[in-house]
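Dumped target_12.cif below, it's mmCIF, N, CA and C atoms and all ligand atoms:
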data_my_file
loop_
_atom_site.label_atom_id
_atom_site.label_comp_id
_atom_site.auth_asym_id
_atom_site.auth_seq_id
_atom_site.Cartn_x
_atom_site.Cartn_y
_atom_site.Cartn_z
N MET A 1 14.57 -76.34 29.34
CA MET A 1 15.23 -75.51 30.36
C MET A 1 16.29 -74.63 29.71
N LYS A 2 16.40 -73.43 30.21
CA LYS A 2 17.43 -72.55 29.70
C LYS A 2 18.80 -73.15 29.97
N GLY A 3 19.74 -72.88 29.06
CA GLY A 3 21.10 -73.30 29.31
C GLY A 3 21.47 -74.61 28.64
N ARG A 4 20.48 -75.43 28.31
CA ARG A 4 20.76 -76.76 27.78
C ARG A 4 21.34 -76.75 26.38
N GLN A 5 21.04 -75.68 25.62
CA GLN A 5 21.47 -75.70 24.23
C GLN A 5 22.97 -75.44 24.09
N TYR A 6 23.64 -75.20 25.21
CA TYR A 6 25.07 -74.93 25.16
C TYR A 6 25.82 -76.16 24.67
N ARG A 7 26.71 -75.95 23.69
CA ARG A 7 27.49 -77.08 23.18
C ARG A 7 28.81 -77.17 23.94
N GLN A 8 28.96 -78.20 24.73
CA GLN A 8 30.19 -78.36 25.50
C GLN A 8 31.34 -78.68 24.56
N GLY A 9 32.53 -78.28 24.96
CA GLY A 9 33.70 -78.73 24.24
C GLY A 9 34.03 -77.94 22.99
N GLY A 10 33.24 -76.89 22.67
CA GLY A 10 33.62 -76.04 21.54
C GLY A 10 34.96 -75.39 21.84
N SER A 11 35.70 -75.07 20.79
CA SER A 11 37.02 -74.51 21.04
C SER A 11 37.01 -72.99 21.00
N ALA A 12 35.85 -72.40 20.70
CA ALA A 12 35.79 -70.95 20.59
C ALA A 12 36.05 -70.31 21.95
N MET A 13 36.64 -69.13 21.92
CA MET A 13 36.87 -68.37 23.13
C MET A 13 36.30 -66.97 22.87
N HIS A 14 35.37 -66.54 23.69
CA HIS A 14 34.76 -65.24 23.50
C HIS A 14 35.15 -64.32 24.65
N GLN A 15 35.52 -63.10 24.28
CA GLN A 15 35.94 -62.14 25.29
C GLN A 15 34.90 -61.06 25.44
N GLY A 16 34.83 -60.54 26.65
CA GLY A 16 33.92 -59.44 26.90
C GLY A 16 34.47 -58.52 27.97
N SER A 17 33.83 -57.38 28.11
CA SER A 17 34.27 -56.42 29.13
C SER A 17 33.16 -55.41 29.36
N CYS A 18 33.27 -54.72 30.48
CA CYS A 18 32.34 -53.62 30.76
C CYS A 18 32.80 -52.38 30.01
N LEU A 19 32.04 -51.32 30.12
CA LEU A 19 32.35 -50.09 29.39
C LEU A 19 33.71 -49.50 29.78
N CYS A 20 34.08 -49.56 31.05
CA CYS A 20 35.34 -48.93 31.48
C CYS A 20 36.52 -49.90 31.45
N GLY A 21 36.25 -51.20 31.32
CA GLY A 21 37.33 -52.17 31.25
C GLY A 21 37.79 -52.72 32.59
N ALA A 22 37.18 -52.28 33.69
CA ALA A 22 37.58 -52.79 35.01
C ALA A 22 37.23 -54.26 35.17
N VAL A 23 36.15 -54.68 34.49
CA VAL A 23 35.76 -56.10 34.52
C VAL A 23 35.94 -56.67 33.12
N ARG A 24 36.69 -57.75 33.03
CA ARG A 24 36.87 -58.45 31.76
C ARG A 24 36.56 -59.92 31.98
N PHE A 25 36.08 -60.56 30.93
CA PHE A 25 35.77 -61.97 31.10
C PHE A 25 35.97 -62.73 29.80
N THR A 26 36.09 -64.03 29.93
CA THR A 26 36.10 -64.90 28.76
C THR A 26 35.08 -66.01 28.98
N VAL A 27 34.48 -66.45 27.88
CA VAL A 27 33.61 -67.62 27.90
C VAL A 27 34.20 -68.62 26.92
N GLU A 28 34.44 -69.82 27.42
CA GLU A 28 35.02 -70.87 26.59
C GLU A 28 33.90 -71.68 25.96
N GLY A 29 33.99 -71.88 24.66
CA GLY A 29 32.98 -72.67 23.96
C GLY A 29 32.07 -71.78 23.13
N ASP A 30 31.30 -72.42 22.25
CA ASP A 30 30.36 -71.67 21.41
C ASP A 30 29.25 -71.08 22.26
N LEU A 31 28.81 -69.89 21.89
CA LEU A 31 27.70 -69.26 22.63
C LEU A 31 26.37 -69.77 22.10
N PRO A 32 25.44 -70.10 23.00
CA PRO A 32 24.11 -70.52 22.56
C PRO A 32 23.31 -69.31 22.09
N GLY A 33 22.21 -69.55 21.41
CA GLY A 33 21.36 -68.46 20.95
C GLY A 33 20.82 -67.68 22.14
N PRO A 34 21.08 -66.38 22.18
CA PRO A 34 20.63 -65.56 23.31
C PRO A 34 19.12 -65.36 23.30
N ASP A 35 18.56 -65.05 24.46
CA ASP A 35 17.19 -64.57 24.49
C ASP A 35 17.17 -63.12 24.94
N ALA A 36 16.11 -62.44 24.56
CA ALA A 36 15.93 -61.04 24.93
C ALA A 36 14.80 -60.99 25.94
N CYS A 37 15.09 -60.54 27.15
CA CYS A 37 14.07 -60.52 28.19
C CYS A 37 13.49 -59.12 28.32
N HIS A 38 12.16 -59.07 28.23
CA HIS A 38 11.46 -57.79 28.25
C HIS A 38 10.79 -57.53 29.60
N CYS A 39 11.15 -58.29 30.63
CA CYS A 39 10.51 -58.09 31.95
C CYS A 39 10.91 -56.72 32.51
N SER A 40 10.12 -56.23 33.43
CA SER A 40 10.36 -54.87 33.92
C SER A 40 11.69 -54.79 34.67
N GLN A 41 12.11 -55.86 35.32
CA GLN A 41 13.42 -55.81 36.01
C GLN A 41 14.56 -55.69 35.01
N CYS A 42 14.49 -56.47 33.95
CA CYS A 42 15.55 -56.39 32.93
C CYS A 42 15.54 -55.03 32.24
N ARG A 43 14.35 -54.50 32.02
CA ARG A 43 14.28 -53.21 31.34
C ARG A 43 14.84 -52.11 32.23
N LYS A 44 14.56 -52.18 33.52
CA LYS A 44 15.13 -51.15 34.40
C LYS A 44 16.64 -51.30 34.55
N SER A 45 17.11 -52.53 34.73
CA SER A 45 18.54 -52.67 35.00
C SER A 45 19.39 -52.43 33.76
N SER A 46 18.84 -52.72 32.57
CA SER A 46 19.65 -52.54 31.36
C SER A 46 19.38 -51.22 30.66
N GLY A 47 18.23 -50.62 30.93
CA GLY A 47 17.85 -49.40 30.24
C GLY A 47 16.94 -49.64 29.05
N HIS A 48 16.82 -50.90 28.60
CA HIS A 48 15.90 -51.24 27.51
C HIS A 48 15.49 -52.67 27.77
N TYR A 49 15.69 -53.59 26.83
CA TYR A 49 15.50 -54.99 27.20
C TYR A 49 16.86 -55.67 27.24
N PHE A 50 16.91 -56.83 27.84
CA PHE A 50 18.19 -57.43 28.19
C PHE A 50 18.41 -58.71 27.40
N ALA A 51 19.38 -58.68 26.50
CA ALA A 51 19.72 -59.88 25.72
C ALA A 51 20.92 -60.55 26.38
N SER A 52 20.77 -61.84 26.65
CA SER A 52 21.87 -62.56 27.29
C SER A 52 21.88 -64.00 26.81
N CYS A 53 23.04 -64.64 26.94
CA CYS A 53 23.11 -66.07 26.64
C CYS A 53 23.55 -66.80 27.90
N ASP A 54 23.05 -68.01 28.03
CA ASP A 54 23.29 -68.79 29.24
C ASP A 54 24.45 -69.75 29.01
N VAL A 55 25.47 -69.62 29.83
CA VAL A 55 26.65 -70.48 29.68
C VAL A 55 26.95 -71.15 31.02
N PRO A 56 27.63 -72.30 30.98
CA PRO A 56 27.99 -72.95 32.24
C PRO A 56 28.91 -72.04 33.06
N LYS A 57 28.68 -71.99 34.36
CA LYS A 57 29.54 -71.14 35.19
C LYS A 57 31.00 -71.55 35.06
N ALA A 58 31.22 -72.84 34.83
CA ALA A 58 32.60 -73.34 34.69
C ALA A 58 33.29 -72.79 33.44
N ALA A 59 32.50 -72.33 32.46
CA ALA A 59 33.09 -71.83 31.21
C ALA A 59 33.43 -70.34 31.28
N LEU A 60 32.99 -69.69 32.36
CA LEU A 60 33.18 -68.24 32.50
C LEU A 60 34.35 -67.93 33.42
N LYS A 61 35.30 -67.15 32.92
CA LYS A 61 36.42 -66.70 33.76
C LYS A 61 36.37 -65.17 33.80
N VAL A 62 36.44 -64.63 35.01
CA VAL A 62 36.31 -63.19 35.17
C VAL A 62 37.58 -62.59 35.76
N GLU A 63 38.01 -61.48 35.16
CA GLU A 63 39.09 -60.67 35.73
C GLU A 63 38.46 -59.41 36.30
N GLY A 64 38.91 -59.00 37.45
CA GLY A 64 38.33 -57.80 38.08
C GLY A 64 37.05 -58.12 38.81
N GLU A 65 36.96 -59.34 39.33
CA GLU A 65 35.77 -59.79 40.03
C GLU A 65 35.43 -58.87 41.21
N ASP A 66 36.46 -58.29 41.82
CA ASP A 66 36.21 -57.40 42.98
C ASP A 66 35.52 -56.11 42.56
N LYS A 67 35.48 -55.83 41.26
CA LYS A 67 34.80 -54.61 40.78
C LYS A 67 33.33 -54.88 40.43
N ILE A 68 32.93 -56.15 40.51
CA ILE A 68 31.53 -56.47 40.20
C ILE A 68 30.66 -56.17 41.40
N GLY A 69 29.63 -55.41 41.20
CA GLY A 69 28.61 -55.21 42.21
C GLY A 69 27.49 -56.21 41.93
N TRP A 70 26.87 -56.72 42.99
CA TRP A 70 25.78 -57.68 42.81
C TRP A 70 24.52 -57.12 43.42
N PHE A 71 23.46 -57.16 42.67
CA PHE A 71 22.16 -56.74 43.18
C PHE A 71 21.24 -57.95 43.20
N GLN A 72 20.75 -58.27 44.38
CA GLN A 72 19.83 -59.41 44.51
C GLN A 72 18.46 -58.94 44.06
N SER A 73 18.08 -59.31 42.80
CA SER A 73 16.84 -58.77 42.26
C SER A 73 15.65 -59.65 42.58
N SER A 74 15.90 -60.87 43.03
CA SER A 74 14.83 -61.73 43.53
C SER A 74 15.50 -62.75 44.43
N GLU A 75 14.69 -63.58 45.04
CA GLU A 75 15.22 -64.55 45.99
C GLU A 75 16.29 -65.44 45.36
N LYS A 76 16.08 -65.78 44.08
CA LYS A 76 16.96 -66.76 43.44
C LYS A 76 17.92 -66.18 42.42
N VAL A 77 17.84 -64.89 42.19
CA VAL A 77 18.64 -64.30 41.12
C VAL A 77 19.36 -63.04 41.61
N ARG A 78 20.63 -62.95 41.24
CA ARG A 78 21.35 -61.69 41.46
C ARG A 78 21.90 -61.22 40.12
N ARG A 79 21.98 -59.91 40.00
CA ARG A 79 22.46 -59.30 38.76
C ARG A 79 23.80 -58.65 39.01
N GLY A 80 24.74 -58.94 38.13
CA GLY A 80 26.09 -58.41 38.30
C GLY A 80 26.32 -57.24 37.36
N PHE A 81 26.96 -56.20 37.90
CA PHE A 81 27.23 -55.01 37.10
C PHE A 81 28.60 -54.49 37.50
N CYS A 82 29.22 -53.68 36.65
CA CYS A 82 30.49 -53.07 37.01
C CYS A 82 30.23 -51.95 38.00
N SER A 83 30.90 -52.00 39.14
CA SER A 83 30.65 -51.00 40.18
C SER A 83 31.32 -49.67 39.84
N VAL A 84 32.16 -49.65 38.80
CA VAL A 84 32.80 -48.40 38.38
C VAL A 84 31.94 -47.69 37.33
N CYS A 85 31.59 -48.39 36.25
CA CYS A 85 30.88 -47.74 35.13
C CYS A 85 29.40 -48.11 35.05
N GLY A 86 28.97 -49.13 35.81
CA GLY A 86 27.55 -49.45 35.86
C GLY A 86 27.04 -50.39 34.78
N SER A 87 27.92 -50.87 33.90
CA SER A 87 27.46 -51.78 32.84
C SER A 87 26.78 -53.03 33.41
N SER A 88 25.64 -53.40 32.82
CA SER A 88 24.99 -54.66 33.16
C SER A 88 25.79 -55.80 32.54
N LEU A 89 26.12 -56.80 33.33
CA LEU A 89 26.99 -57.87 32.82
C LEU A 89 26.41 -59.26 32.97
N PHE A 90 25.90 -59.59 34.16
CA PHE A 90 25.53 -60.98 34.43
C PHE A 90 24.15 -61.08 35.07
N TRP A 91 23.49 -62.17 34.74
CA TRP A 91 22.21 -62.53 35.35
C TRP A 91 22.44 -63.91 35.95
N ASP A 92 22.53 -63.96 37.27
CA ASP A 92 23.02 -65.16 37.95
C ASP A 92 21.93 -65.82 38.80
N PRO A 93 21.38 -66.95 38.29
CA PRO A 93 20.46 -67.72 39.13
C PRO A 93 21.32 -68.52 40.11
N VAL A 94 21.40 -68.07 41.35
CA VAL A 94 22.48 -68.50 42.24
C VAL A 94 22.50 -70.00 42.52
N PHE A 95 21.36 -70.67 42.40
CA PHE A 95 21.34 -72.10 42.72
C PHE A 95 21.53 -72.98 41.49
N ARG A 96 21.81 -72.37 40.34
CA ARG A 96 22.02 -73.13 39.10
C ARG A 96 23.49 -73.14 38.75
N ASP A 97 23.85 -74.03 37.79
CA ASP A 97 25.25 -74.11 37.39
C ASP A 97 25.52 -73.33 36.10
N TRP A 98 24.56 -72.51 35.68
CA TRP A 98 24.78 -71.67 34.50
C TRP A 98 24.52 -70.20 34.88
N ILE A 99 24.97 -69.32 34.01
CA ILE A 99 24.83 -67.89 34.27
C ILE A 99 24.53 -67.19 32.94
N GLY A 100 23.69 -66.17 32.98
CA GLY A 100 23.40 -65.38 31.79
C GLY A 100 24.42 -64.26 31.64
N VAL A 101 24.98 -64.16 30.44
CA VAL A 101 25.99 -63.12 30.17
C VAL A 101 25.40 -62.13 29.17
N ALA A 102 25.51 -60.85 29.47
CA ALA A 102 24.92 -59.81 28.63
C ALA A 102 25.57 -59.79 27.25
N MET A 103 24.75 -59.88 26.20
CA MET A 103 25.30 -59.89 24.84
C MET A 103 26.05 -58.60 24.52
N GLY A 104 25.58 -57.48 25.06
CA GLY A 104 26.23 -56.21 24.76
C GLY A 104 27.62 -56.09 25.33
N ALA A 105 27.97 -56.97 26.26
CA ALA A 105 29.28 -56.89 26.90
C ALA A 105 30.37 -57.60 26.10
N PHE A 106 29.96 -58.43 25.12
CA PHE A 106 30.97 -59.16 24.36
C PHE A 106 31.72 -58.22 23.43
N ASP A 107 33.02 -58.46 23.30
CA ASP A 107 33.85 -57.70 22.37
C ASP A 107 33.98 -58.53 21.10
N GLY A 108 33.73 -57.91 19.96
CA GLY A 108 33.91 -58.62 18.70
C GLY A 108 32.74 -59.53 18.40
N ALA A 109 32.95 -60.42 17.43
CA ALA A 109 31.87 -61.27 16.95
C ALA A 109 31.47 -62.29 18.01
N THR A 110 30.16 -62.50 18.13
CA THR A 110 29.68 -63.51 19.07
C THR A 110 29.36 -64.82 18.34
N ASP A 111 29.26 -64.76 17.02
CA ASP A 111 28.94 -65.94 16.21
C ASP A 111 27.66 -66.63 16.65
N THR A 112 26.69 -65.86 17.05
CA THR A 112 25.40 -66.43 17.40
C THR A 112 24.33 -65.45 16.96
N GLN A 113 23.09 -65.88 17.08
CA GLN A 113 21.95 -65.06 16.65
C GLN A 113 20.90 -65.09 17.73
N LEU A 114 20.25 -63.96 17.97
CA LEU A 114 19.16 -63.93 18.93
C LEU A 114 18.16 -65.04 18.60
N ALA A 115 17.76 -65.81 19.63
CA ALA A 115 16.89 -66.96 19.40
C ALA A 115 15.43 -66.65 19.69
N LYS A 116 15.18 -65.89 20.76
CA LYS A 116 13.78 -65.58 21.05
C LYS A 116 13.63 -64.45 22.05
N HIS A 117 12.39 -64.02 22.16
CA HIS A 117 12.02 -62.98 23.12
C HIS A 117 11.25 -63.64 24.25
N ILE A 118 11.54 -63.24 25.48
CA ILE A 118 10.80 -63.79 26.61
C ILE A 118 10.21 -62.66 27.45
N PHE A 119 9.19 -63.01 28.21
CA PHE A 119 8.52 -62.06 29.10
C PHE A 119 7.95 -60.87 28.35
N VAL A 120 7.48 -61.12 27.12
CA VAL A 120 7.00 -59.99 26.33
C VAL A 120 5.70 -59.40 26.89
N ALA A 121 5.05 -60.15 27.81
CA ALA A 121 3.86 -59.59 28.47
C ALA A 121 4.21 -58.31 29.22
N ASP A 122 5.48 -58.16 29.57
CA ASP A 122 5.95 -57.04 30.39
C ASP A 122 6.66 -55.96 29.56
N LYS A 123 6.65 -56.09 28.25
CA LYS A 123 7.48 -55.19 27.44
C LYS A 123 6.98 -53.75 27.51
N GLY A 124 7.87 -52.84 27.17
CA GLY A 124 7.50 -51.43 27.15
C GLY A 124 6.56 -51.13 26.00
N ASP A 125 5.84 -50.02 26.08
CA ASP A 125 4.88 -49.68 25.03
C ASP A 125 5.50 -48.84 23.92
N TYR A 126 6.80 -48.55 24.02
CA TYR A 126 7.43 -47.61 23.10
C TYR A 126 8.16 -48.28 21.95
N TYR A 127 8.04 -49.61 21.85
CA TYR A 127 8.67 -50.32 20.72
C TYR A 127 7.82 -51.53 20.38
N GLU A 128 8.02 -52.02 19.15
CA GLU A 128 7.38 -53.25 18.70
C GLU A 128 8.48 -54.28 18.45
N ILE A 129 8.11 -55.55 18.56
CA ILE A 129 9.05 -56.62 18.25
C ILE A 129 8.65 -57.15 16.87
N THR A 130 9.49 -56.89 15.89
CA THR A 130 9.10 -57.17 14.50
C THR A 130 10.09 -58.09 13.78
N ASP A 131 10.94 -58.79 14.55
CA ASP A 131 11.95 -59.61 13.87
C ASP A 131 11.48 -61.02 13.53
N GLY A 132 10.22 -61.35 13.90
CA GLY A 132 9.69 -62.65 13.54
C GLY A 132 10.17 -63.81 14.41
N LEU A 133 10.98 -63.54 15.42
CA LEU A 133 11.46 -64.61 16.30
C LEU A 133 10.35 -65.02 17.27
N PRO A 134 10.45 -66.24 17.82
CA PRO A 134 9.44 -66.69 18.79
C PRO A 134 9.37 -65.74 19.99
N GLN A 135 8.16 -65.61 20.48
CA GLN A 135 7.94 -64.75 21.65
C GLN A 135 7.20 -65.55 22.72
N ASP A 136 7.75 -65.55 23.93
CA ASP A 136 7.05 -66.15 25.07
C ASP A 136 6.49 -65.01 25.91
N LEU A 137 5.21 -65.14 26.27
CA LEU A 137 4.63 -64.10 27.13
C LEU A 137 5.36 -64.05 28.46
N TYR A 138 5.72 -65.23 28.96
CA TYR A 138 6.45 -65.33 30.22
C TYR A 138 7.66 -66.19 29.96
N PRO A 139 8.65 -66.18 30.84
CA PRO A 139 9.84 -67.00 30.60
C PRO A 139 9.49 -68.47 30.76
N PRO A 140 10.25 -69.36 30.13
CA PRO A 140 10.04 -70.79 30.36
C PRO A 140 10.35 -71.09 31.82
N SER A 141 9.67 -72.04 32.42
CA SER A 141 9.86 -72.29 33.85
C SER A 141 11.21 -72.95 34.11
ZN ZN A 201 33.27 -50.87 34.16
ZN ZN A 202 14.00 -60.24 32.59
#
Please render this file's structure as structure tokens.
Amino acid sequence: MKGRQYRQGGSAMHQGSCLCGAVRFTVEGDLPGPDACHCSQCRKSSGHYFASCDVPKAALKVEGEDKIGWFQSSEKVRRGFCSVCGSSLFWDPVFRDWIGVAMGAFDGATDTQLAKHIFVADKGDYYEITDGLPQDLYPPS
């Protein structure tokens, strides 16, 4: 299951923000290896493919929460973006206790490495995936 590889109790603190700075956040603990999702929804909402890491909701603190716009992209998932500058920030499976945070939103070193590609059955035809990382045709259930 996604989210399980998170190491609880790490002392690292990672900061992130949207392009305009209206939304800022911190994630407490080490970041797990992100996945890159190539599904058509992620490609449309991010502009390319969407790399994110899954962290416990309890580890995420957000400043400027009132500036986050939420788009319900499916019955169980909403996507959070800055309503001022439009940056993609969060992928929130609303009934779970973890949330996906966009890798591009982190400021500074993330101290992690992309772990795999998911939903590559849906990827665009204008690029190849050549980094040798595992590829799932569809996301893990
Ligand atoms: Zn913004
Ligand atoms: Zn996706």
Worksheet entry | Neighbourhood of ligand ZN 202 (chain A) at 6 Å, counting all atoms listed in the file, reported as a list of chain:residue names | A:Cys37, A:His38, A:Cys39, A:Ser40, A:Gln41, A:Cys42, A:Arg43
Item to complete: Could you report the residues within 10 Å of ligand ZN 201 (chain A), using only C-alpha atoms and all ligand atoms, as a list in words?
Response: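 Protein and nucleic-acid residues within 10 Å of ligand ZN 201 (chain A): Ser17, Cys18, Leu19, Cys20, Gly21, Ala22, Val23, Arg24, Gly64, Lys67, Ile68, Phe81, Cys82, Ser83, Val84, Cys85, Gly86, Ser87, Ser88 and Leu89 of chain A.
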Worksheet entry | strand (DSSP E) call set, DSSP backbone run, chain A, as number ranges by chain | A: 13-17, 24-28, 35-37, 50-56, 60-63, 68-72, 77-82, 88-93, 98-102, 116-118
Practice prompt. From chain A, collect each residue whose DSSP state is alpha helix (DSSP H) and return the set as a list in words.
Written response: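 Those in chain A that DSSP calls alpha helix (DSSP H) are Ser40, Gln41, Cys42, Arg43, Lys44, Ser45 and Ser46 of chain A.
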Worksheet entry | Contacts of region 56-63 of chain A at 8 Å (only N, CA and C atoms; same-chain gap of 3+ positions) as an NGL selection string | :A and (3 or 6 or 21-29 or 53 or 66-68 or 96-100)
Worksheet item: Any idea what the distance is between atom N of Phe50 (chain A) and CA of Phe95 (chain A)?
Response: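 These atoms are spaced 21.8 Å apart.
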Discussion item. Considering only C-alpha atoms, can you say which of A:Ala36, A:Ile129, A:Val77, A:Met103 comes closest to Ala115 (chain A)?
Written reply: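 Smallest separation from Ala115 (chain A) among the options: A:Ala36.
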Worksheet entry | Pick from A:Asp30, A:Glu128, A:Ala109, A:Ser73, whichever lies nearest to Val55 (chain A) using only C-alpha atoms |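 Smallest distance to Val55 (chain A) is found for A:Asp30.
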Fill in: Proximity to Leu133 (chain A) - best of A:Leu31, A:Val101, A:Ala12, A:Leu114, all atoms listed in the file
A:Leu114
Worksheet item: What gap, in Å, lies between atom C of Gly69 (chain A) and CA of Ser45 (chain A)?
Response: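 Pair atom C of Gly69 (chain A) / CA of Ser45 (chain A) returns 11.9 Å.
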Worksheet item: Near Pro34 (chain A), counting all atoms listed in the file, which residues have an atom at most 7 Å away, once you skip same-chain residues fewer than 5 positions from it, shown as a list in words?
Response: Ala51, Ser52, Cys53, Asp54, Thr112, Gln113, Leu114, Ala115, Lys116 and His117 of chain A
Worksheet item: Which distance in Å separates atom C of Gln15 (chain A) and atom C of Gly104 (chain A), to one decimal?
Response: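 About the pair atom C of Gln15 (chain A) and atom C of Gly104 (chain A): they are 8.8 Å apart.
Of the listed residues A:Asp131, A:Asp136, A:Asp122, A:Asp111, the one whose atoms come nearest to Gly33 (chain A) is A:Asp111, with distances taken using only N, CA and C atoms.
Using only C-alpha atoms, the smallest distance between any of A:Glu65, A:Ser11, A:Phe90, A:Lys44 and Ala102 (chain A) comes from A:Phe90.
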